[in-house]
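**Q** query_20.cif (mmCIF, C-alpha atoms, pLDDT in the B column; chains and numbers go by the auth columns) pasted underneath:
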data_target
loop_
_atom_site.group_PDB
_atom_site.id
_atom_site.type_symbol
_atom_site.label_atom_id
_atom_site.label_comp_id
_atom_site.label_asym_id
_atom_site.label_seq_id
_atom_site.Cartn_x
_atom_site.Cartn_y
_atom_site.Cartn_z
_atom_site.B_iso_or_equiv
_atom_site.auth_seq_id
_atom_site.auth_asym_id
ATOM 1 C CA MET A 1 164.963 -88.894 243.165 53.00 26 A
ATOM 2 C CA LYS A 2 167.698 -86.520 242.025 49.00 27 A
ATOM 3 C CA CYS A 3 168.845 -89.121 239.501 50.00 28 A
ATOM 4 C CA LEU A 4 165.314 -89.412 238.119 46.00 29 A
ATOM 5 C CA LYS A 5 165.007 -85.632 237.854 49.00 30 A
ATOM 6 C CA ARG A 6 168.388 -85.375 236.102 52.00 31 A
ATOM 7 C CA SER A 7 167.310 -88.077 233.616 53.00 32 A
ATOM 8 C CA PHE A 8 164.053 -86.237 232.917 48.00 33 A
ATOM 9 C CA ASN A 9 165.872 -82.930 232.311 58.00 34 A
ATOM 10 C CA TYR A 10 168.299 -84.631 229.922 55.00 35 A
ATOM 11 C CA GLN A 11 165.474 -86.218 227.932 60.00 36 A
ATOM 12 C CA PHE A 12 163.665 -82.879 227.760 54.00 37 A
ATOM 13 C CA PHE A 13 166.865 -81.225 226.534 51.00 38 A
ATOM 14 C CA LEU A 14 167.224 -83.835 223.769 53.00 39 A
ATOM 15 C CA ILE A 15 163.621 -83.263 222.641 56.00 40 A
ATOM 16 C CA ILE A 16 164.149 -79.485 222.432 56.00 41 A
ATOM 17 C CA LEU A 17 167.445 -79.904 220.597 53.00 42 A
ATOM 18 C CA THR A 18 165.927 -82.349 218.092 53.00 43 A
ATOM 19 C CA THR A 19 163.015 -79.981 217.444 53.00 44 A
ATOM 20 C CA LEU A 20 165.364 -77.047 216.785 51.00 45 A
ATOM 21 C CA VAL A 21 167.484 -79.091 214.397 45.00 46 A
ATOM 22 C CA LEU A 22 164.525 -80.402 212.415 48.00 47 A
ATOM 23 C CA THR A 23 162.897 -76.972 212.091 48.00 48 A
ATOM 24 C CA SER A 24 166.068 -75.019 211.351 46.00 49 A
ATOM 25 C CA PRO A 25 165.697 -73.281 207.936 45.00 50 A
ATOM 26 C CA SER A 26 169.303 -73.956 207.018 41.00 51 A
ATOM 27 C CA ILE A 27 168.978 -77.685 207.660 36.00 52 A
ATOM 28 C CA ASN A 28 165.354 -78.414 206.848 40.00 53 A
ATOM 29 C CA ALA A 29 165.158 -76.123 203.786 39.00 54 A
ATOM 30 C CA LYS A 30 163.550 -77.931 200.896 43.00 55 A
ATOM 31 C CA LYS A 31 163.787 -77.044 197.254 46.00 56 A
ATOM 32 C CA HIS A 32 160.648 -75.736 195.642 48.00 57 A
ATOM 33 C CA PRO A 33 158.816 -78.747 194.149 53.00 58 A
ATOM 34 C CA LEU A 34 158.972 -77.081 190.722 54.00 59 A
ATOM 35 C CA ASP A 35 162.723 -76.366 190.855 52.00 60 A
ATOM 36 C CA HIS A 36 164.348 -77.394 187.562 62.00 61 A
ATOM 37 C CA ALA A 37 161.322 -79.490 186.567 76.00 62 A
ATOM 38 C CA ARG A 38 161.119 -77.692 183.211 82.00 63 A
ATOM 39 C CA MET A 39 164.794 -77.240 182.444 90.00 64 A
ATOM 40 C CA GLY A 40 165.515 -77.253 178.725 87.00 65 A
ATOM 41 C CA SER A 41 165.720 -75.301 175.475 91.00 66 A
ATOM 42 C CA HIS A 42 162.595 -73.188 175.143 96.00 67 A
ATOM 43 C CA GLY A 43 162.211 -71.589 171.725 96.00 68 A
ATOM 44 C CA MET A 44 159.971 -68.567 171.286 97.00 69 A
ATOM 45 C CA VAL A 45 158.396 -66.515 168.525 98.00 70 A
ATOM 46 C CA LEU A 46 158.608 -62.711 168.639 98.00 71 A
ATOM 47 C CA PHE A 47 155.844 -60.345 167.593 96.00 72 A
ATOM 48 C CA THR A 48 154.965 -56.675 167.976 95.00 73 A
ATOM 49 C CA ASN A 49 151.971 -54.366 168.264 92.00 74 A
ATOM 50 C CA GLY A 50 154.001 -51.598 166.632 90.00 75 A
ATOM 51 C CA SER A 51 155.719 -50.252 169.716 91.00 76 A
ATOM 52 C CA GLN A 52 156.322 -53.165 172.083 95.00 77 A
ATOM 53 C CA LEU A 53 158.111 -56.467 171.596 97.00 78 A
ATOM 54 C CA PHE A 54 156.580 -59.710 172.815 98.00 79 A
ATOM 55 C CA ALA A 55 157.903 -63.249 173.116 98.00 80 A
ATOM 56 C CA SER A 56 155.554 -66.231 172.996 98.00 81 A
ATOM 57 C CA HIS A 57 156.820 -69.610 174.145 98.00 82 A
ATOM 58 C CA LEU A 58 156.455 -72.285 171.449 97.00 83 A
ATOM 59 C CA PRO A 59 154.430 -74.871 173.347 95.00 84 A
ATOM 60 C CA LEU A 60 154.039 -78.588 172.755 92.00 85 A
ATOM 61 C CA TYR A 61 151.795 -81.218 174.292 91.00 86 A
ATOM 62 C CA GLN A 62 154.747 -82.888 176.021 87.00 87 A
ATOM 63 C CA LYS A 63 156.508 -81.738 179.168 87.00 88 A
ATOM 64 C CA PRO A 64 158.496 -79.614 179.788 87.00 89 A
ATOM 65 C CA HIS A 65 157.044 -77.480 176.979 90.00 90 A
ATOM 66 C CA ASN A 66 153.313 -77.848 177.701 93.00 91 A
ATOM 67 C CA HIS A 67 152.703 -74.246 178.693 95.00 92 A
ATOM 68 C CA GLN A 68 151.532 -71.171 176.792 97.00 93 A
ATOM 69 C CA LEU A 69 153.395 -68.058 177.902 98.00 94 A
ATOM 70 C CA ILE A 70 153.586 -64.541 176.499 98.00 95 A
ATOM 71 C CA TYR A 71 155.894 -61.868 177.907 98.00 96 A
ATOM 72 C CA LEU A 72 156.879 -58.354 177.053 97.00 97 A
ATOM 73 C CA ILE A 73 160.630 -58.436 176.517 98.00 98 A
ATOM 74 C CA ASP A 74 163.527 -56.039 176.225 97.00 99 A
ATOM 75 C CA THR A 75 166.795 -56.337 174.316 97.00 100 A
ATOM 76 C CA VAL A 76 169.292 -53.928 172.772 97.00 101 A
ATOM 77 C CA LYS A 77 168.057 -55.048 169.340 97.00 102 A
ATOM 78 C CA LYS A 78 164.407 -54.352 170.187 97.00 103 A
ATOM 79 C CA GLN A 79 163.815 -51.503 167.722 97.00 104 A
ATOM 80 C CA GLU A 80 165.621 -53.325 164.927 97.00 105 A
ATOM 81 C CA VAL A 81 163.489 -56.427 165.433 97.00 106 A
ATOM 82 C CA ILE A 82 160.267 -54.386 165.559 96.00 107 A
ATOM 83 C CA ALA A 83 161.184 -52.585 162.335 95.00 108 A
ATOM 84 C CA TYR A 84 161.845 -55.919 160.617 95.00 109 A
ATOM 85 C CA LEU A 85 158.541 -57.390 161.812 94.00 110 A
ATOM 86 C CA LEU A 86 156.637 -54.394 160.441 91.00 111 A
ATOM 87 C CA THR A 87 158.311 -54.375 157.025 86.00 112 A
ATOM 88 C CA ASP A 88 155.974 -55.114 154.099 71.00 113 A
ATOM 89 C CA GLU A 89 152.994 -55.141 156.434 60.00 114 A
ATOM 90 C CA THR A 90 150.624 -54.649 153.496 56.00 115 A
ATOM 91 C CA ALA A 91 152.148 -57.386 151.332 55.00 116 A
ATOM 92 C CA LEU A 92 149.899 -60.172 150.054 53.00 117 A
ATOM 93 C CA GLU A 93 151.823 -62.843 151.922 57.00 118 A
ATOM 94 C CA PRO A 94 151.034 -62.647 155.661 59.00 119 A
ATOM 95 C CA ASN A 95 153.844 -61.212 157.754 59.00 120 A
ATOM 96 C CA HIS A 96 153.628 -64.076 160.243 67.00 121 A
ATOM 97 C CA LEU A 97 155.038 -66.235 157.442 67.00 122 A
ATOM 98 C CA LYS A 98 157.260 -63.743 155.604 76.00 123 A
ATOM 99 C CA ARG A 99 158.728 -61.920 158.599 86.00 124 A
ATOM 100 C CA MET A 100 158.828 -64.532 161.337 94.00 125 A
ATOM 101 C CA VAL A 101 161.414 -63.973 164.064 97.00 126 A
ATOM 102 C CA THR A 102 162.200 -66.623 166.672 97.00 127 A
ATOM 103 C CA ILE A 103 164.699 -66.894 169.500 98.00 128 A
ATOM 104 C CA LEU A 104 166.483 -69.857 171.032 97.00 129 A
ATOM 105 C CA PRO A 105 167.608 -68.953 174.558 97.00 130 A
ATOM 106 C CA GLN A 106 170.281 -70.823 176.450 97.00 131 A
ATOM 107 C CA PRO A 107 168.699 -73.669 178.467 95.00 132 A
ATOM 108 C CA PHE A 108 166.725 -72.439 181.473 95.00 133 A
ATOM 109 C CA ASP A 109 163.909 -73.592 183.726 95.00 134 A
ATOM 110 C CA LEU A 110 160.569 -72.541 182.226 96.00 135 A
ATOM 111 C CA ASN A 111 159.110 -72.469 185.727 96.00 136 A
ATOM 112 C CA LYS A 112 160.875 -69.148 186.226 96.00 137 A
ATOM 113 C CA LEU A 113 158.528 -67.621 183.674 97.00 138 A
ATOM 114 C CA ILE A 114 155.505 -69.617 184.823 96.00 139 A
ATOM 115 C CA LEU A 115 156.052 -68.269 188.351 96.00 140 A
ATOM 116 C CA ASN A 116 156.728 -64.761 186.995 96.00 141 A
ATOM 117 C CA GLU A 117 160.263 -64.653 188.353 96.00 142 A
ATOM 118 C CA PRO A 118 162.881 -62.246 186.937 95.00 143 A
ATOM 119 C CA LEU A 119 164.762 -63.704 183.995 97.00 144 A
ATOM 120 C CA LYS A 120 167.419 -62.445 181.623 97.00 145 A
ATOM 121 C CA VAL A 121 168.932 -65.049 179.331 97.00 146 A
ATOM 122 C CA SER A 122 171.409 -65.075 176.458 98.00 147 A
ATOM 123 C CA SER A 123 169.660 -65.967 173.204 98.00 148 A
ATOM 124 C CA THR A 124 170.195 -66.388 169.481 98.00 149 A
ATOM 125 C CA VAL A 125 167.736 -64.433 167.333 98.00 150 A
ATOM 126 C CA PHE A 126 166.669 -66.073 164.064 97.00 151 A
ATOM 127 C CA LYS A 127 164.995 -64.786 160.948 96.00 152 A
ATOM 128 C CA GLY A 128 162.459 -67.530 160.398 95.00 153 A
ATOM 129 C CA HIS A 129 161.809 -70.573 162.544 95.00 154 A
ATOM 130 C CA PHE A 130 165.007 -71.756 164.247 94.00 155 A
ATOM 131 C CA GLU A 131 164.026 -75.425 163.702 92.00 156 A
ATOM 132 C CA ARG A 132 162.679 -75.042 160.169 92.00 157 A
ATOM 133 C CA GLY A 133 165.391 -73.464 158.103 91.00 158 A
ATOM 134 C CA GLY A 134 165.688 -70.112 159.871 93.00 159 A
ATOM 135 C CA SER A 135 169.020 -68.269 159.823 96.00 160 A
ATOM 136 C CA ALA A 136 170.817 -66.834 162.839 97.00 161 A
ATOM 137 C CA TRP A 137 170.508 -63.040 162.877 97.00 162 A
ATOM 138 C CA PHE A 138 171.920 -61.956 166.249 96.00 163 A
ATOM 139 C CA GLU A 139 173.854 -64.183 168.626 96.00 164 A
ATOM 140 C CA GLN A 140 174.440 -63.932 172.367 94.00 165 A
ATOM 141 C CA GLN A 141 171.749 -61.309 172.851 95.00 166 A
ATOM 142 C CA ASN A 142 170.543 -60.780 176.398 97.00 167 A
ATOM 143 C CA VAL A 143 166.761 -61.002 176.416 98.00 168 A
ATOM 144 C CA GLU A 144 164.986 -59.735 179.523 98.00 169 A
ATOM 145 C CA PHE A 145 161.447 -60.910 180.260 98.00 170 A
ATOM 146 C CA THR A 146 159.844 -57.859 181.828 97.00 171 A
ATOM 147 C CA THR A 147 156.050 -58.283 182.027 95.00 172 A
ATOM 148 C CA LEU A 148 153.899 -61.403 182.075 96.00 173 A
ATOM 149 C CA VAL A 149 151.035 -61.075 179.586 95.00 174 A
ATOM 150 C CA PHE A 150 149.574 -64.588 179.320 96.00 175 A
ATOM 151 C CA ASN A 151 150.046 -67.805 181.268 96.00 176 A
ATOM 152 C CA GLN A 152 148.139 -71.004 180.458 95.00 177 A
ATOM 153 C CA GLN A 153 149.046 -74.656 180.884 94.00 178 A
ATOM 154 C CA VAL A 154 148.259 -76.869 177.898 92.00 179 A
ATOM 155 C CA VAL A 155 145.716 -79.367 179.241 82.00 180 A
ATOM 156 C CA ILE A 156 144.451 -82.303 177.201 75.00 181 A
ATOM 157 C CA TYR A 157 141.001 -82.546 178.759 61.00 182 A
ATOM 158 C CA SER A 158 140.014 -85.818 177.137 54.00 183 A
ATOM 159 C CA ALA A 159 142.752 -87.576 179.103 50.00 184 A
ATOM 160 C CA ASP A 160 140.809 -86.960 182.308 51.00 185 A
ATOM 161 C CA LYS A 161 137.169 -88.005 182.311 50.00 186 A
ATOM 162 C CA ASN A 162 136.525 -85.701 185.258 52.00 187 A
ATOM 163 C CA LEU A 163 137.371 -82.629 183.185 49.00 188 A
ATOM 164 C CA ALA A 164 135.009 -81.243 180.585 49.00 189 A
ATOM 165 C CA ARG A 165 136.372 -80.600 177.111 51.00 190 A
ATOM 166 C CA THR A 166 136.737 -76.898 176.308 49.00 191 A
ATOM 167 C CA ASP A 167 135.482 -75.379 173.104 46.00 192 A
ATOM 168 C CA SER A 168 138.036 -75.925 170.338 53.00 193 A
ATOM 169 C CA HIS A 169 137.974 -72.222 169.499 82.00 194 A
ATOM 170 C CA GLN A 170 138.213 -70.606 172.882 90.00 195 A
ATOM 171 C CA TRP A 171 140.318 -67.441 172.923 93.00 196 A
ATOM 172 C CA ALA A 172 141.895 -65.434 175.733 94.00 197 A
ATOM 173 C CA VAL A 173 141.305 -61.686 175.369 93.00 198 A
ATOM 174 C CA ILE A 174 144.086 -59.417 176.651 93.00 199 A
ATOM 175 C CA ASP A 175 144.166 -55.614 176.716 89.00 200 A
ATOM 176 C CA VAL A 176 147.287 -54.232 175.068 84.00 201 A
ATOM 177 C CA PRO A 177 147.997 -50.531 175.662 65.00 202 A
ATOM 178 C CA THR A 178 149.903 -49.051 172.721 62.00 203 A
ATOM 179 C CA ALA A 179 152.066 -45.961 173.206 59.00 204 A
ATOM 180 C CA GLY A 180 150.770 -42.936 171.313 55.00 205 A
ATOM 181 C CA SER A 181 147.451 -44.593 170.433 55.00 206 A
ATOM 182 C CA ILE A 182 143.977 -43.845 171.769 53.00 207 A
ATOM 183 C CA ASN A 183 142.625 -47.052 170.233 54.00 208 A
ATOM 184 C CA GLN A 184 141.559 -49.992 172.344 78.00 209 A
ATOM 185 C CA ASN A 185 143.874 -52.765 171.155 90.00 210 A
ATOM 186 C CA LYS A 186 143.613 -56.380 172.227 92.00 211 A
ATOM 187 C CA LEU A 187 145.503 -59.626 171.847 95.00 212 A
ATOM 188 C CA TYR A 188 143.460 -62.733 171.112 95.00 213 A
ATOM 189 C CA VAL A 189 145.325 -65.911 172.063 96.00 214 A
ATOM 190 C CA HIS A 190 143.923 -69.316 171.134 95.00 215 A
ATOM 191 C CA ILE A 191 143.662 -71.754 174.044 94.00 216 A
ATOM 192 C CA ILE A 192 145.345 -74.984 172.919 92.00 217 A
ATOM 193 C CA ASN A 193 143.611 -78.236 173.798 86.00 218 A
ATOM 194 C CA GLU A 194 143.592 -81.803 172.470 82.00 219 A
ATOM 195 C CA LYS A 195 144.445 -82.680 168.874 83.00 220 A
ATOM 196 C CA PRO A 196 143.756 -81.326 166.394 85.00 221 A
ATOM 197 C CA SER A 197 144.385 -77.841 167.705 89.00 222 A
ATOM 198 C CA PHE A 198 146.542 -74.840 166.894 92.00 223 A
ATOM 199 C CA ASP A 199 148.550 -72.009 168.417 95.00 224 A
ATOM 200 C CA ALA A 200 147.524 -68.553 167.223 95.00 225 A
ATOM 201 C CA ILE A 201 147.857 -64.905 168.248 96.00 226 A
ATOM 202 C CA VAL A 202 145.752 -62.133 166.707 95.00 227 A
ATOM 203 C CA LEU A 203 146.079 -58.394 167.294 94.00 228 A
ATOM 204 C CA GLY A 204 142.776 -56.512 167.213 93.00 229 A
ATOM 205 C CA THR A 205 142.969 -52.748 166.589 90.00 230 A
ATOM 206 C CA ALA A 206 140.287 -50.269 167.649 87.00 231 A
ATOM 207 C CA CYS A 207 138.195 -52.908 169.400 85.00 232 A
ATOM 208 C CA PRO A 208 134.993 -52.140 171.332 76.00 233 A
ATOM 209 C CA GLU A 209 135.805 -50.772 174.773 71.00 234 A
ATOM 210 C CA HIS A 210 132.850 -52.580 176.323 60.00 235 A
ATOM 211 C CA GLN A 211 134.374 -55.959 175.499 59.00 236 A
ATOM 212 C CA ILE A 212 135.560 -56.952 178.951 61.00 237 A
ATOM 213 C CA ALA A 213 135.428 -60.765 178.815 64.00 238 A
ATOM 214 C CA SER A 214 138.779 -62.400 179.510 85.00 239 A
ATOM 215 C CA ARG A 215 137.816 -65.444 177.414 85.00 240 A
ATOM 216 C CA MET A 216 135.505 -65.859 174.471 84.00 241 A
ATOM 217 C CA ASN A 217 134.261 -68.649 172.259 86.00 242 A
ATOM 218 C CA MET A 218 134.446 -67.312 168.707 83.00 243 A
ATOM 219 C CA ASN A 219 133.721 -68.526 165.221 80.00 244 A
ATOM 220 C CA THR A 220 137.071 -69.054 163.537 83.00 245 A
ATOM 221 C CA GLN A 221 137.580 -69.439 159.813 83.00 246 A
ATOM 222 C CA ILE A 222 140.692 -71.596 159.402 83.00 247 A
ATOM 223 C CA GLN A 223 142.724 -72.015 156.224 79.00 248 A
ATOM 224 C CA THR A 224 146.065 -73.691 155.587 76.00 249 A
ATOM 225 C CA ASP A 225 148.220 -70.747 156.622 78.00 250 A
ATOM 226 C CA HIS A 226 145.672 -68.198 157.783 83.00 251 A
ATOM 227 C CA LEU A 227 142.636 -67.703 159.990 87.00 252 A
ATOM 228 C CA GLN A 228 139.959 -65.072 160.487 86.00 253 A
ATOM 229 C CA LEU A 229 138.093 -64.241 163.675 89.00 254 A
ATOM 230 C CA ASN A 230 134.611 -62.841 163.919 85.00 255 A
ATOM 231 C CA LEU A 231 135.655 -59.606 165.654 87.00 256 A
ATOM 232 C CA ASN A 232 134.132 -56.143 165.940 85.00 257 A
ATOM 233 C CA CYS A 233 137.585 -54.577 165.840 89.00 258 A
ATOM 234 C CA LYS A 234 138.409 -52.142 163.043 90.00 259 A
ATOM 235 C CA LYS A 235 141.363 -54.293 162.021 90.00 260 A
ATOM 236 C CA GLN A 236 142.762 -57.703 162.905 91.00 261 A
ATOM 237 C CA THR A 237 146.305 -58.867 162.231 92.00 262 A
ATOM 238 C CA LEU A 238 147.402 -62.479 162.498 92.00 263 A
ATOM 239 C CA LEU A 239 150.701 -62.358 164.368 94.00 264 A
ATOM 240 C CA TYR A 240 151.362 -66.077 164.713 95.00 265 A
ATOM 241 C CA PHE A 241 149.695 -69.272 163.518 94.00 266 A
ATOM 242 C CA GLU A 242 150.976 -72.825 164.049 92.00 267 A
ATOM 243 C CA THR A 243 149.178 -76.095 163.331 89.00 268 A
ATOM 244 C CA GLN A 244 151.957 -78.629 162.669 88.00 269 A
ATOM 245 C CA ASP A 245 152.897 -79.211 166.307 87.00 270 A
ATOM 246 C CA PHE A 246 149.271 -79.823 167.277 88.00 271 A
ATOM 247 C CA THR A 247 148.009 -82.146 164.569 82.00 272 A
ATOM 248 C CA GLU A 248 150.788 -84.748 164.282 62.00 273 A
#
Could you express the structure from this file as C-alpha cells?
**A**
Amino acid sequence: MKCLKRSFNYQFFLIILTTLVLTSPSINAKKHPLDHARMGSHGMVLFTNGSQLFASHLPLYQKPHNHQLIYLIDTVKKQEVIAYLLTDETALEPNHLKRMVTILPQPFDLNKLILNEPLKVSSTVFKGHFERGGSAWFEQQNVEFTTLVFNQQVVIYSADKNLARTDSHQWAVIDVPTAGSINQNKLYVHIINEKPSFDAIVLGTACPEHQIASRMNMNTQIQTDHLQLNLNCKKQTLLYFETQDFTE
C-alpha cells in the first residue's frame, strides 16, 4: 500500500513539474506572429502642413509593402526640410513634383509602425524620389516616428469573392491641427484598392467644421500629374500623387 502511495505521489509530482515547465514564460515564450514578417527597406515620402513634418510609407500591392501608413516625424533637419517643401508654393508646377522629398531608412520591420511601436531609424533624405533619379541630401539622419496619423492595409477586394469592392475614390478624412492657425485643416488620403488605383494625399485648408465623417466617397478629377477633389474647403493642396505603382 505504501509502495502504491509513493508511486502515486511521484506521478503527481511529475505532472506538476511538467505543467510548470510548459507554462513558464521563459521557456514557453513565443515570438509575436508578426515579428520580422515585414522586414525590408521601406521608402517614404515627406510632406508638411506648414508647421509639422509627415512621412507616408510608399506602399505597393505586394508584401511586405502592402500597407498605407502616415506618421508625424521628428529629425534635426525638420525645419530645413519643411522650408524646402514650401519653397515656390505658388509656382505653376505642383510642388509635389518640383519639391518632392523622400527618405530611405535602414531596413526595419514595418510591423513596428503598423503596431504603433516606438521607432527611430537612421535614414538617407533625398531631394526627389530615391528610386527615380533623386539625389541624396542628408545621410545618416535619425528619423523618429512620433505620432500615428493613418494606418490602412492595402486590400485587393476582387481577390476575395466574399469581400465587396470599395469605391475607387474613397478617401480617409483626418483632422490636422496646425500650430498658430484657427482654421480647420484636414488631410484627405486616398484608399488604395485593386488596379488601376493611385496613392494621393491632399491638404484641405479652412474646411467645414461640421464635416466629421472619417471616410468619404468623393468625385475626383484625375489628370496625368494632378487631381482635384470636390471639397468645401477654402483651399486644397495636392501633397502627393502616385499612379505608376498601381497601374502596372
**Q** Give me the residues near Thr262 in chain A as a PDB file with C-alpha atoms, in the coordinates of the input, where near means some atom within 8 Å (using all atoms listed in the file) and where sequence neighbours in that chain fewer than 5 positions away do not count.
**A**
ATOM      1  CA  VAL A 227     145.752 -62.133 166.707  1.00 95.00           C
ATOM      2  CA  LEU A 228     146.079 -58.394 167.294  1.00 94.00           C
ATOM      3  CA  GLY A 229     142.776 -56.512 167.213  1.00 93.00           C
TER       4      GLY A 229
END
**Q** Between A:Asp99, A:Gly159, A:Leu173, A:His67, which is the closest to Lys145 in chain A once you count only C-alpha atoms?
**A**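 That would be A:Asp99, the residue with the smallest distance to Lys145 in chain A.
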**Q** From the set A:Leu252, A:Val101, A:Leu135, A:Leu110, which residue has the shortest atom-to-atom contact distance to Gly68 in chain A, counting all atoms listed in the file?
**A** A:Leu135
**Q** So, counting only C-alpha atoms, which residue among A:Glu164, A:Asp224, A:Asp134, A:Glu169 is closest to Gln195 in chain A?
**A**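 Result for the nearest residue to Gln195 in chain A: A:Asp224.
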**Q** Which residues would end up in the selection if the PyMOL selection byres ((chain A and resi 88) around 12) were applied here, given that I need the answer as a list of chain:residue names?
**A**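 Output of the PyMOL selection byres ((chain A and resi 88) around 12): A:Ala62, A:Arg63, A:Met64, A:Gly65, A:Ser66, A:His67, A:Pro84, A:Leu85, A:Tyr86, A:Gln87, A:Pro89, A:His90, A:Asn91, A:His92, A:Gln93, A:Asp134, A:Leu135, A:Asn136, A:Gln178, A:Val179, A:Val180.
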**Q** Have a look at A:Thr230, A:Asn141, A:Thr112, A:Asn167 and name the one nearest to Leu263 in chain A; count only C-alpha atoms.
**A**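 The answer is A:Thr230, which sits nearest to Leu263 in chain A.
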